[in-house]
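The structure under discussion appears below in the form of structure tokens.
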Amino acid sequence: MKLKSMVKSMTKVGLGLVMAGSVLVSCNDDDDNQGIAPNDQTIAGIVTSNSSFSTLSQAVTKAGLGATLSGNGEFTVFAPNNAAFEASGITSATLATLTTDQTKDILLYHTLASKVASSAVPAGPNAKVTTAQGDPIYVTKDARGVFVNGWKVNQADIMASNGIIHSIERVLLPAPGNLVETAQGNENLTYLVAAVVRASQGNTNVANVLASTEGLTVFAPTNQAFINAGFPTIASIQAADPDVLTSILTYHVVGARAFSSDLTNNQALNTVQGGTLLVNIGNQVTIKGRTNSTASTVIAPNVLATNGVVHVIDQVLLP
């Protein structure tokens, strides 16, 4: 399984909870955490000795990165604890299905090949930083703390002898492709994909815009959201007026990369369609269209694409 397919599969696992190469140094696949001393204060030693990082420790062992992360160098690791793995829908059983190389790619996406304390994180918002895996993460630092791809660092500056650890609230996954490819990889967004294809048969090639424009945010309605909005089947979408669909779809697109960390209560988001969306932040983040009677709930935030971010929502937004 290639990394791109694996990331799509891992993304589906995370979404299922709510809806149903660069390297650091040359590593041998036989490397593991064996031999790490109990009082080892390297990154690997701290992760191995801390029970709250036991799932991450399992991943480090499988990836063969124990020797690297306990060796010389200056590294930064954004480290998901057990709760972060669970919240991301990734279990020990999930990790067991991955190969060594796949696990290594995921872990290197959490790693920088230099030591970066929280005080040195660029303010951004969403400053682009290249990981040891080769793909970028997007970091923001403000009065609330540090955010990576929209997820909060819940414990910063855990000092290690060979670098620094920042505990983060979710597992980070590299983008599986552009915004269209990201939607195509999610079985809960097949109606949305059909709508994009049909809209592109009109005056605007919506698929090309979503695939090629840099820095967009898409609020992506689930299949059930389209059904509830009066599109009972994909055939009904395929029979709709392409230009009407274009107006609806572009109302779901914001012309800037906006992770959940960029959203504020009562914020008005300007859409590509020209209208605005109203953000409300309470126990959950909701997005309301101008003529919607109720707000839509963001049920899967911060799904990274190569040219933007997707937030899955449970209602179609109406201009």
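Every chain in the structure tokens takes a letter, A first, then B, and so on in the order presented; its residues are numbered from 1, and the ligands are numbered from 1 following the presented order.
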
For this session: Give the strand (DSSP E or B) residues of segment 124-246 of chain A, as DSSP finds them on the backbone, and put them as a VMD selection string.
Result: chain A and resid 127 to 130 136 to 142 145 to 148 151 to 160 163 to 168 216 to 221

Exercise. If you run DSSP on this backbone, which residues of segment 17-242 of chain A come out as alpha helix (DSSP H), and could you give them as an NGL selection string?
Worked result: :A and (17-19 or 43-49 or 54-63 or 66-69 or 82-87 or 92-96 or 100-108 or 179-184 or 190-199 or 206-212 or 223-228 or 234-238 or 242)

Exercise. Hey, what's within 6 Å of Tyr191 of chain A if we count only C-alpha atoms and toss same-chain stuff fewer than 3 positions away? As a ChimeraX atom specification, please?
Worked result: /A:194,223,234

Selection file, N, CA, C and O atoms, as a PDB file, in the first residue's frame:
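See out_25.pdb below for the written result:
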ATOM      1  N   ALA A 194     -20.038  13.965  -6.607  1.00  0.00           N
ATOM      2  CA  ALA A 194     -20.962  13.967  -7.747  1.00  0.00           C
ATOM      3  C   ALA A 194     -21.438  15.383  -8.060  1.00  0.00           C
ATOM      4  O   ALA A 194     -21.575  15.757  -9.236  1.00  0.00           O
ATOM      5  N   ASN A 223     -22.991  12.743   2.684  1.00  0.00           N
ATOM      6  CA  ASN A 223     -24.034  12.197   1.814  1.00  0.00           C
ATOM      7  C   ASN A 223     -25.422  12.419   2.420  1.00  0.00           C
ATOM      8  O   ASN A 223     -26.360  12.812   1.726  1.00  0.00           O
ATOM      9  N   ILE A 234     -27.681  10.047  -6.024  1.00  0.00           N
ATOM     10  CA  ILE A 234     -26.673  10.691  -6.866  1.00  0.00           C
ATOM     11  C   ILE A 234     -27.266  11.037  -8.227  1.00  0.00           C
ATOM     12  O   ILE A 234     -26.919  12.067  -8.821  1.00  0.00           O
TER      13      ILE A 234
END

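Distances from A:Ala225, A:Ser293, A:Val218, A:Ala240 to Thr271 of chain A were compared using only C-alpha atoms, and the smallest one belongs to A:Val218.
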
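Reported to one decimal place, the separation of atom CA of Val279 of chain A from atom CA of Thr297 of chain A is 10.0 Å.
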
Per residue of segment 152-232 of chain A within 7 Å of segment 60-83 of chain A, what are the shortest atom pair and its distance in Å to one decimal, counting only C-alpha atoms, with rows by chain and residue number, as a Markdown table?
| residue | atom | partner | partner_atom | distance |
| --- | --- | --- | --- | --- |
| A:Asn162 | CA | A:Glu74 | CA | 5.0 |
| A:Gly163 | CA | A:Phe75 | CA | 4.5 |
| A:Ile164 | CA | A:Thr76 | CA | 5.0 |
| A:Ile165 | CA | A:Val77 | CA | 4.9 |
| A:His166 | CA | A:Phe78 | CA | 4.8 |
| A:Ser167 | CA | A:Ala79 | CA | 4.6 |
| A:Ile168 | CA | A:Pro80 | CA | 5.0 |
| A:Glu169 | CA | A:Pro80 | CA | 6.1 |
| A:Arg170 | CA | A:Pro80 | CA | 5.9 |
| A:Val171 | CA | A:Pro80 | CA | 5.7 |

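With only C-alpha atoms as the atoms that count, the minimum distance from Ala220 of chain A to the choices A:Ala84, A:Val316, A:Ala305, A:Val116 is reached by A:Val316.
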
Exercise. Leu245 of chain A: which residues within 9 Å, counting only C-alpha atoms, same-chain residues fewer than 5 positions away excluded, as a list of chain:residue names?
Worked result: A:Ala195, A:Val196, A:Arg198, A:Ala199, A:Ile237, A:Ala240, A:Thr250

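Considering only C-alpha atoms, the residue among A:Asn188, A:Thr131, A:Thr204, A:Ser54 positioned nearest to Pro174 of chain A is A:Thr131.
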
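The spacing separating atom CA of Asn280 of chain A from atom CA of Val298 of chain A amounts to 10.4 Å.
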
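Rounded to one decimal, atom CA of Leu112 of chain A and atom CA of Ala300 of chain A lie 26.3 Å from each other.
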
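With distances restricted to only C-alpha atoms, A:Ala117 is the closest residue to Ala160 of chain A from A:Ala117, A:Arg290, A:Val244, A:Phe219.
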
As a PDB file with C-alpha atoms, in the first residue's frame, please: the residues near Ile313 of chain A (cut-off 12 Å, only C-alpha atoms, same-chain neighbours under 3 positions excluded).
ATOM      1  CA  LEU A  15     -13.875  10.273  10.199  1.00  0.00           C
ATOM      2  CA  VAL A  18     -18.039  10.860  13.974  1.00  0.00           C
ATOM      3  CA  MET A  19     -19.755   9.730  10.778  1.00  0.00           C
ATOM      4  CA  ASN A 188     -19.081   9.688   3.099  1.00  0.00           C
ATOM      5  CA  LEU A 189     -18.564  12.456   0.530  1.00  0.00           C
ATOM      6  CA  LEU A 192     -20.377  16.014  -2.818  1.00  0.00           C
ATOM      7  CA  VAL A 218     -14.195  23.622   2.031  1.00  0.00           C
ATOM      8  CA  PHE A 219     -17.119  22.914   4.333  1.00  0.00           C
ATOM      9  CA  ALA A 220     -18.041  19.485   2.984  1.00  0.00           C
ATOM     10  CA  PRO A 221     -21.593  18.171   3.490  1.00  0.00           C
ATOM     11  CA  THR A 222     -21.945  14.438   4.039  1.00  0.00           C
ATOM     12  CA  ASN A 223     -24.034  12.197   1.814  1.00  0.00           C
ATOM     13  CA  GLN A 224     -26.853  12.321   4.369  1.00  0.00           C
ATOM     14  CA  ALA A 225     -26.689  16.115   4.357  1.00  0.00           C
ATOM     15  CA  PHE A 226     -27.363  16.114   0.597  1.00  0.00           C
ATOM     16  CA  HIS A 252     -19.242  26.165   0.870  1.00  0.00           C
ATOM     17  CA  GLN A 284     -19.228  22.231  19.003  1.00  0.00           C
ATOM     18  CA  VAL A 285     -18.366  24.441  16.054  1.00  0.00           C
ATOM     19  CA  THR A 286     -21.381  25.283  13.899  1.00  0.00           C
ATOM     20  CA  ILE A 287     -21.642  27.025  10.526  1.00  0.00           C
ATOM     21  CA  LYS A 288     -24.878  28.663   9.391  1.00  0.00           C
ATOM     22  CA  GLY A 289     -25.844  29.611   5.869  1.00  0.00           C
ATOM     23  CA  ALA A 295     -26.796  25.744  11.795  1.00  0.00           C
ATOM     24  CA  SER A 296     -24.674  22.903  10.485  1.00  0.00           C
ATOM     25  CA  THR A 297     -22.326  21.141  12.886  1.00  0.00           C
ATOM     26  CA  VAL A 298     -18.690  20.537  12.004  1.00  0.00           C
ATOM     27  CA  ILE A 299     -18.375  16.819  12.666  1.00  0.00           C
ATOM     28  CA  ALA A 300     -14.845  16.223  11.341  1.00  0.00           C
ATOM     29  CA  PRO A 301     -12.566  19.279  11.348  1.00  0.00           C
ATOM     30  CA  ASN A 302      -9.090  19.897   9.970  1.00  0.00           C
ATOM     31  CA  VAL A 303      -8.874  17.271   7.228  1.00  0.00           C
ATOM     32  CA  VAL A 310     -11.767  20.297   4.650  1.00  0.00           C
ATOM     33  CA  VAL A 316     -25.875  21.633   3.138  1.00  0.00           C
ATOM     34  CA  LEU A 317     -25.327  25.376   3.515  1.00  0.00           C
TER      35      LEU A 317
END

For this session: Pick out the residues sitting within 9 Å of Pro125 of chain A, and hand them over as a PyMOL selection string; count only C-alpha atoms, and ignore anything fewer than 6 positions along from it in its own chain.
Result: chain A and resi 138-142+262

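Shortest separation to Ile137 of chain A among A:Met159, A:Leu173, A:Leu318, A:Thr182 occurs at residue A:Leu173, atoms counted being only C-alpha atoms.
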
Which neighbours of Tyr251 of chain A fall inside 8 Å, counting only C-alpha atoms, when residues of the same chain fewer than 4 positions from it are skipped, and could you give them as a PDB file with N, CA, C and O atoms, in the first residue's frame?
ATOM      1  N   SER A 247     -23.440  27.538  -7.665  1.00  0.00           N
ATOM      2  CA  SER A 247     -23.747  28.570  -6.680  1.00  0.00           C
ATOM      3  C   SER A 247     -23.762  27.992  -5.274  1.00  0.00           C
ATOM      4  O   SER A 247     -23.243  28.594  -4.326  1.00  0.00           O
ATOM      5  N   THR A 271     -17.428  33.832   1.453  1.00  0.00           N
ATOM      6  CA  THR A 271     -17.308  32.669   0.587  1.00  0.00           C
ATOM      7  C   THR A 271     -16.942  33.075  -0.831  1.00  0.00           C
ATOM      8  O   THR A 271     -17.101  34.235  -1.235  1.00  0.00           O
ATOM      9  N   VAL A 272     -16.481  32.099  -1.596  1.00  0.00           N
ATOM     10  CA  VAL A 272     -16.163  32.324  -3.004  1.00  0.00           C
ATOM     11  C   VAL A 272     -17.421  32.720  -3.772  1.00  0.00           C
ATOM     12  O   VAL A 272     -17.359  33.478  -4.743  1.00  0.00           O
ATOM     13  N   GLN A 273     -18.569  32.243  -3.345  1.00  0.00           N
ATOM     14  CA  GLN A 273     -19.837  32.566  -3.991  1.00  0.00           C
ATOM     15  C   GLN A 273     -20.218  34.026  -3.833  1.00  0.00           C
ATOM     16  O   GLN A 273     -20.954  34.584  -4.633  1.00  0.00           O
ATOM     17  N   GLY A 274     -19.679  34.666  -2.778  1.00  0.00           N
ATOM     18  CA  GLY A 274     -19.966  36.073  -2.528  1.00  0.00           C
ATOM     19  C   GLY A 274     -20.764  36.327  -1.275  1.00  0.00           C
ATOM     20  O   GLY A 274     -20.800  37.452  -0.774  1.00  0.00           O
ATOM     21  N   GLY A 275     -21.397  35.298  -0.757  1.00  0.00           N
ATOM     22  CA  GLY A 275     -22.146  35.436   0.487  1.00  0.00           C
ATOM     23  C   GLY A 275     -21.272  35.187   1.701  1.00  0.00           C
ATOM     24  O   GLY A 275     -20.045  35.016   1.586  1.00  0.00           O
ATOM     25  N   THR A 276     -21.880  35.167   2.867  1.00  0.00           N
ATOM     26  CA  THR A 276     -21.146  34.949   4.107  1.00  0.00           C
ATOM     27  C   THR A 276     -21.736  33.787   4.881  1.00  0.00           C
ATOM     28  O   THR A 276     -22.915  33.453   4.744  1.00  0.00           O
ATOM     29  N   LEU A 317     -25.181  23.952   3.220  1.00  0.00           N
ATOM     30  CA  LEU A 317     -25.327  25.376   3.515  1.00  0.00           C
ATOM     31  C   LEU A 317     -26.057  26.071   2.372  1.00  0.00           C
ATOM     32  O   LEU A 317     -25.722  25.873   1.203  1.00  0.00           O
ATOM     33  N   LEU A 318     -27.040  26.886   2.723  1.00  0.00           N
ATOM     34  CA  LEU A 318     -27.884  27.516   1.705  1.00  0.00           C
ATOM     35  C   LEU A 318     -27.662  29.035   1.675  1.00  0.00           C
ATOM     36  O   LEU A 318     -27.777  29.693   2.697  1.00  0.00           O
ATOM     37  N   PRO A 319     -27.327  29.579   0.493  1.00  0.00           N
ATOM     38  CA  PRO A 319     -27.054  31.008   0.392  1.00  0.00           C
ATOM     39  C   PRO A 319     -28.316  31.858   0.608  1.00  0.00           C
ATOM     40  O   PRO A 319     -29.409  31.401   0.469  1.00  0.00           O
TER      41      PRO A 319
END

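The closest residue to Ala207 of chain A, picked from A:Leu98, A:Ala235, A:Ala156, A:Leu179 and counting only C-alpha atoms, is A:Leu179.
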